[in-house]
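Coordinates as given in target.pdb (PDB, C-alpha atoms):
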```pdb
ATOM      1  CA  MET A   1      27.486  32.496 -13.538
ATOM      2  CA  TYR A   2      24.042  31.163 -12.733
ATOM      3  CA  LYS A   3      21.711  33.183 -10.543
ATOM      4  CA  VAL A   4      19.188  31.307  -8.438
ATOM      5  CA  TYR A   5      16.243  32.990  -6.760
ATOM      6  CA  GLY A   6      15.204  30.832  -3.845
ATOM      7  CA  ASP A   7      14.371  30.336  -0.192
ATOM      8  CA  MET A   8      16.024  27.457   1.676
ATOM      9  CA  LEU A   9      12.863  26.959   3.744
ATOM     10  CA  SER A  10      11.292  25.636   0.544
ATOM     11  CA  GLY A  11      11.930  22.029  -0.394
ATOM     12  CA  ASN A  12      11.642  22.927  -4.071
ATOM     13  CA  CYS A  13      14.437  25.479  -3.697
ATOM     14  CA  TYR A  14      16.492  23.169  -1.499
ATOM     15  CA  LYS A  15      16.505  20.599  -4.321
ATOM     16  CA  ILE A  16      18.318  23.087  -6.544
ATOM     17  CA  LYS A  17      20.830  24.025  -3.855
ATOM     18  CA  MET A  18      21.564  20.333  -3.234
ATOM     19  CA  LEU A  19      22.357  19.626  -6.881
ATOM     20  CA  LEU A  20      24.411  22.798  -7.329
ATOM     21  CA  THR A  21      26.433  21.804  -4.258
ATOM     22  CA  PHE A  22      26.888  18.180  -5.311
ATOM     23  CA  LEU A  23      28.071  19.331  -8.752
ATOM     24  CA  ASN A  24      30.192  22.162  -7.324
ATOM     25  CA  ILE A  25      28.590  24.640  -9.710
ATOM     26  CA  GLU A  26      29.409  28.259  -9.015
ATOM     27  CA  HIS A  27      26.275  30.352  -8.605
ATOM     28  CA  GLU A  28      24.784  33.401  -6.951
ATOM     29  CA  TRP A  29      21.966  32.564  -4.542
ATOM     30  CA  ILE A  30      19.452  35.407  -4.238
ATOM     31  CA  HIS A  31      17.250  34.941  -1.184
ATOM     32  CA  VAL A  32      13.538  35.526  -1.758
ATOM     33  CA  ASP A  33      11.422  35.386   1.405
ATOM     34  CA  ILE A  34       8.304  33.354   0.593
ATOM     35  CA  LEU A  35       6.614  33.932   3.931
ATOM     36  CA  ASN A  36       6.874  37.706   3.532
ATOM     37  CA  GLY A  37       5.344  37.633   0.061
ATOM     38  CA  GLU A  38       8.472  38.638  -1.833
ATOM     39  CA  THR A  39       7.533  36.399  -4.778
ATOM     40  CA  GLN A  40       4.411  38.497  -5.322
ATOM     41  CA  THR A  41       6.107  41.850  -5.812
ATOM     42  CA  GLU A  42       6.020  43.540  -9.197
ATOM     43  CA  ALA A  43       9.807  43.385  -9.344
ATOM     44  CA  PHE A  44       9.852  39.618  -8.917
ATOM     45  CA  LYS A  45       6.906  39.040 -11.237
ATOM     46  CA  SER A  46       8.746  40.932 -13.951
ATOM     47  CA  ILE A  47      11.188  37.988 -13.894
ATOM     48  CA  ASN A  48       8.647  35.231 -13.306
ATOM     49  CA  PRO A  49       5.025  36.230 -13.918
ATOM     50  CA  ASN A  50       3.906  33.064 -12.105
ATOM     51  CA  GLY A  51       5.288  34.510  -8.885
ATOM     52  CA  LYS A  52       7.059  31.357  -7.715
ATOM     53  CA  ILE A  53      10.516  30.144  -6.799
ATOM     54  CA  PRO A  54      12.954  28.586  -7.475
ATOM     55  CA  LEU A  55      14.017  30.467 -10.531
ATOM     56  CA  LEU A  56      17.226  29.929 -12.501
ATOM     57  CA  VAL A  57      18.742  32.728 -14.552
ATOM     58  CA  ILE A  58      21.172  31.239 -17.053
ATOM     59  CA  ASN A  59      24.354  32.970 -18.183
ATOM     60  CA  ASP A  60      22.791  34.199 -21.417
ATOM     61  CA  GLY A  61      19.870  35.741 -19.550
ATOM     62  CA  GLN A  62      17.371  32.974 -20.178
ATOM     63  CA  VAL A  63      15.098  32.205 -17.243
ATOM     64  CA  LEU A  64      13.920  28.750 -16.197
ATOM     65  CA  ALA A  65      11.227  28.061 -13.585
ATOM     66  CA  GLU A  66       9.838  24.882 -11.940
ATOM     67  CA  SER A  67      12.209  22.953  -9.700
ATOM     68  CA  ASN A  68      12.283  19.677 -11.597
ATOM     69  CA  ALA A  69      12.820  21.420 -14.936
ATOM     70  CA  ILE A  70      15.772  23.247 -13.381
ATOM     71  CA  LEU A  71      17.161  19.987 -11.999
ATOM     72  CA  ASN A  72      16.992  18.382 -15.446
ATOM     73  CA  TYR A  73      18.742  21.354 -17.035
ATOM     74  CA  LEU A  74      21.555  21.423 -14.474
ATOM     75  CA  ALA A  75      21.983  17.640 -14.442
ATOM     76  CA  GLU A  76      22.312  17.292 -18.224
ATOM     77  CA  GLY A  77      25.586  15.558 -19.034
ATOM     78  CA  THR A  78      26.306  14.615 -15.403
ATOM     79  CA  GLU A  79      26.021  11.409 -13.406
ATOM     80  CA  TYR A  80      22.791  12.724 -11.848
ATOM     81  CA  LEU A  81      20.845  12.206 -15.076
ATOM     82  CA  PRO A  82      21.136   8.747 -16.669
ATOM     83  CA  ARG A  83      21.919   8.493 -20.354
ATOM     84  CA  SER A  84      19.740   5.544 -21.325
ATOM     85  CA  LYS A  85      16.331   6.418 -22.729
ATOM     86  CA  PHE A  86      14.415   4.239 -20.270
ATOM     87  CA  GLU A  87      16.327   5.431 -17.203
ATOM     88  CA  ARG A  88      15.851   9.081 -18.156
ATOM     89  CA  ALA A  89      12.134   8.430 -18.543
ATOM     90  CA  SER A  90      12.192   6.697 -15.141
ATOM     91  CA  VAL A  91      13.697   9.824 -13.603
ATOM     92  CA  LEU A  92      10.868  11.864 -15.088
ATOM     93  CA  GLN A  93       8.338   9.318 -13.852
ATOM     94  CA  TRP A  94       9.494   9.808 -10.252
ATOM     95  CA  GLN A  95       9.639  13.580 -10.656
ATOM     96  CA  PHE A  96       6.041  13.640 -11.883
ATOM     97  CA  PHE A  97       5.124  11.351  -8.989
ATOM     98  CA  GLU A  98       6.783  13.794  -6.602
ATOM     99  CA  GLN A  99       4.871  16.765  -7.956
ATOM    100  CA  TYR A 100       1.447  15.143  -8.261
ATOM    101  CA  SER A 101       1.301  12.309  -5.702
ATOM    102  CA  HIS A 102       3.795  13.366  -3.032
ATOM    103  CA  GLU A 103       4.294  17.117  -2.629
ATOM    104  CA  PRO A 104       0.582  18.109  -2.658
ATOM    105  CA  TYR A 105       0.123  16.039   0.497
ATOM    106  CA  ILE A 106       3.398  15.983   2.399
ATOM    107  CA  ALA A 107       4.609  19.507   1.619
ATOM    108  CA  VAL A 108       1.197  21.110   2.115
ATOM    109  CA  ALA A 109       0.626  19.325   5.432
ATOM    110  CA  ARG A 110       4.076  20.489   6.553
ATOM    111  CA  TYR A 111       3.288  24.079   5.581
ATOM    112  CA  ILE A 112      -0.030  24.082   7.439
ATOM    113  CA  ASN A 113       1.538  22.589  10.554
ATOM    114  CA  LYS A 114       4.998  24.164  10.682
ATOM    115  CA  TYR A 115       4.466  27.598   9.202
ATOM    116  CA  LEU A 116       0.794  28.318   9.886
ATOM    117  CA  GLY A 117       0.741  26.673  13.313
ATOM    118  CA  LEU A 118      -2.100  24.278  12.438
ATOM    119  CA  PRO A 119      -4.942  26.814  12.640
ATOM    120  CA  SER A 120      -8.425  25.481  13.284
ATOM    121  CA  ASP A 121      -9.714  26.669   9.917
ATOM    122  CA  ARG A 122      -7.063  24.540   8.147
ATOM    123  CA  MET A 123      -7.355  21.452  10.369
ATOM    124  CA  ALA A 124      -9.712  19.590   8.034
ATOM    125  CA  GLU A 125      -7.414  20.257   5.089
ATOM    126  CA  TYR A 126      -4.400  19.115   7.126
ATOM    127  CA  GLU A 127      -6.102  15.885   8.109
ATOM    128  CA  SER A 128      -7.218  15.277   4.527
ATOM    129  CA  LYS A 129      -3.578  15.293   3.403
ATOM    130  CA  GLN A 130      -2.535  12.409   5.645
ATOM    131  CA  SER A 131      -3.918   9.470   3.653
ATOM    132  CA  GLY A 132      -2.503  10.759   0.363
ATOM    133  CA  GLY A 133       0.882  11.361   1.953
ATOM    134  CA  HIS A 134       1.058   7.881   3.410
ATOM    135  CA  LYS A 135      -0.005   6.405   0.080
ATOM    136  CA  ALA A 136       2.973   8.104  -1.583
ATOM    137  CA  LEU A 137       5.331   6.979   1.174
ATOM    138  CA  LYS A 138       4.144   3.387   0.805
ATOM    139  CA  VAL A 139       4.868   3.477  -2.931
ATOM    140  CA  MET A 140       8.372   4.756  -2.186
ATOM    141  CA  GLU A 141       8.937   2.224   0.602
ATOM    142  CA  GLU A 142       7.995  -0.673  -1.645
ATOM    143  CA  HIS A 143      10.141   0.587  -4.517
ATOM    144  CA  LEU A 144      13.183   0.872  -2.253
ATOM    145  CA  THR A 145      12.997  -2.779  -1.238
ATOM    146  CA  ASN A 146      16.411  -4.135  -2.289
ATOM    147  CA  LYS A 147      17.195  -0.853  -4.055
ATOM    148  CA  THR A 148      19.753   1.751  -3.013
ATOM    149  CA  TYR A 149      18.295   4.641  -4.985
ATOM    150  CA  PHE A 150      15.237   5.207  -7.158
ATOM    151  CA  VAL A 151      16.719   4.775 -10.646
ATOM    152  CA  ALA A 152      19.550   2.446 -11.716
ATOM    153  CA  ASN A 153      20.669   2.001  -8.094
ATOM    154  CA  LYS A 154      22.689   5.211  -8.125
ATOM    155  CA  ILE A 155      21.753   8.678  -6.983
ATOM    156  CA  SER A 156      20.027  10.852  -9.541
ATOM    157  CA  ILE A 157      17.820  13.901  -9.629
ATOM    158  CA  ALA A 158      14.885  11.538  -9.031
ATOM    159  CA  ASP A 159      16.245  11.033  -5.511
ATOM    160  CA  ILE A 160      16.917  14.727  -5.000
ATOM    161  CA  SER A 161      13.361  15.571  -6.064
ATOM    162  CA  LEU A 162      11.851  13.106  -3.596
ATOM    163  CA  PHE A 163      14.315  13.689  -0.775
ATOM    164  CA  ALA A 164      13.595  17.362  -0.148
ATOM    165  CA  TYR A 165      10.161  16.991   1.439
ATOM    166  CA  THR A 166      10.399  13.326   2.470
ATOM    167  CA  GLN A 167      13.194  13.988   4.967
ATOM    168  CA  VAL A 168      10.995  16.573   6.739
ATOM    169  CA  ALA A 169       7.733  14.641   6.359
ATOM    170  CA  HIS A 170       7.457  14.363  10.147
ATOM    171  CA  GLU A 171       6.908  18.127  10.232
ATOM    172  CA  GLY A 172       3.662  17.460   8.375
ATOM    173  CA  GLY A 173       2.580  14.744  10.793
ATOM    174  CA  PHE A 174       3.975  11.763   8.851
ATOM    175  CA  ASP A 175       5.806   9.357  11.140
ATOM    176  CA  LEU A 176       8.545   7.685   9.102
ATOM    177  CA  ALA A 177       9.242   5.001  11.722
ATOM    178  CA  GLY A 178       7.122   2.563   9.753
ATOM    179  CA  TYR A 179       9.157   3.117   6.585
ATOM    180  CA  PRO A 180      12.597   1.568   7.218
ATOM    181  CA  ASN A 181      13.621   1.540   3.551
ATOM    182  CA  ILE A 182      12.917   5.267   3.277
ATOM    183  CA  LEU A 183      14.839   5.977   6.489
ATOM    184  CA  ALA A 184      17.853   4.039   5.180
ATOM    185  CA  TRP A 185      17.655   5.926   1.873
ATOM    186  CA  ILE A 186      17.505   9.272   3.697
ATOM    187  CA  LYS A 187      20.588   8.294   5.721
ATOM    188  CA  ARG A 188      22.488   7.322   2.554
ATOM    189  CA  ILE A 189      21.852  10.727   1.036
ATOM    190  CA  GLN A 190      22.723  12.583   4.232
ATOM    191  CA  ASP A 191      26.021  10.695   4.367
ATOM    192  CA  LEU A 192      27.064  11.787   0.866
ATOM    193  CA  PRO A 193      30.022  14.157   0.550
ATOM    194  CA  ASP A 194      28.976  17.814   0.225
ATOM    195  CA  TYR A 195      25.501  17.114   1.630
ATOM    196  CA  ILE A 196      23.864  20.289   2.942
ATOM    197  CA  GLU A 197      20.996  20.680   5.367
ATOM    198  CA  MET A 198      17.687  22.283   4.516
ATOM    199  CA  ALA A 199      16.857  25.437   6.464
ATOM    200  CA  ARG A 200      14.385  24.864   9.286
TER
END
```
Can you turn what I pasted into structure tokens?
Amino acid sequence: MYKVYGDMLSGNCYKIKMLLTFLNIEHEWIHVDILNGETQTEAFKSINPNGKIPLLVINDGQVLAESNAILNYLAEGTEYLPRSKFERASVLQWQFFEQYSHEPYIAVARYINKYLGLPSDRMAEYESKQSGGHKALKVMEEHLTNKTYFVANKISIADISLFAYTQVAHEGGFDLAGYPNILAWIKRIQDLPDYIEMAR
């Protein structure tokens, strides 16, 4: 049975929980409290020296870190990872976009606002994240014009990667009212069977 070290307050961990639930994969979820520094203990770092979650422990004892790498591993051979070479590369394209053009703005702004309470010494950083976040949202909005999902018009791990922090973007100060295609996409995913909510 898989073991997953994670915290459902984290979008990166929530991605893994979503896919495990959609695929009905049996697993043991081991809660690691990010806000209380549990990823920085010696015990945790003995498993992942990088001190980050999520972390997947595979049945044979192998350990895999980084949320999108875990998603690709779990999705292999399922409908959530396309089989064609181009579509698989397209999934990776959106996952790289999520990590480099989306999360550093939307997730960080959310953290500063929701979990730190928007302290004055982080206000400039918070405000600096807004333009980058909206740039990413505009790219997504345009791509979803006449598209149901991000790759091949069916749900894949590209959608799961982007969904986690997009659906709570308002908690980072990003008003999604001006992004109707994104809002419709969010609703489609929330209406899927076995959908689970992210912890708030």
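Each of A:Asp7, A:Glu103, A:Glu26, A:Glu171 was compared to A:Lys135 using all atoms listed in the file, and A:Glu103 turns out to be the nearest.
The protein and nucleic acid residues lying at most 10 Å from A:Gly61 are Tyr2, Lys3, Leu56 and Val57 of chain A, with only C-alpha atoms considered and sequence neighbours fewer than 4 positions away removed.
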Requested in this report: Name all residues at most 10 Å from A:Gly133 (count only C-alpha atoms; drop same-chain ones fewer than 4 positions away) and give them as a VMD selection string.
Outcome: chain A and resid 101 to 109 128 to 129 137 to 138 166 169 172 to 174
Which polymer residues, protein or nucleic acid, are no farther than 9 Å from (19.9, 22.8, 6.3), counting only C-alpha atoms, as a PDB file with C-alpha atoms, in the frame of the given file?
```
ATOM      1  CA  MET A   8      16.024  27.457   1.676  1.00  0.00           C
ATOM      2  CA  LEU A   9      12.863  26.959   3.744  1.00  0.00           C
ATOM      3  CA  TYR A  14      16.492  23.169  -1.499  1.00  0.00           C
ATOM      4  CA  ILE A 196      23.864  20.289   2.942  1.00  0.00           C
ATOM      5  CA  GLU A 197      20.996  20.680   5.367  1.00  0.00           C
ATOM      6  CA  MET A 198      17.687  22.283   4.516  1.00  0.00           C
ATOM      7  CA  ALA A 199      16.857  25.437   6.464  1.00  0.00           C
ATOM      8  CA  ARG A 200      14.385  24.864   9.286  1.00  0.00           C
TER       9      ARG A 200
END
```
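Proximity of A:Ala65, A:Ile47, A:Ala136, A:Leu176 to A:Leu162, computed with only C-alpha atoms, is greatest for A:Ala136.
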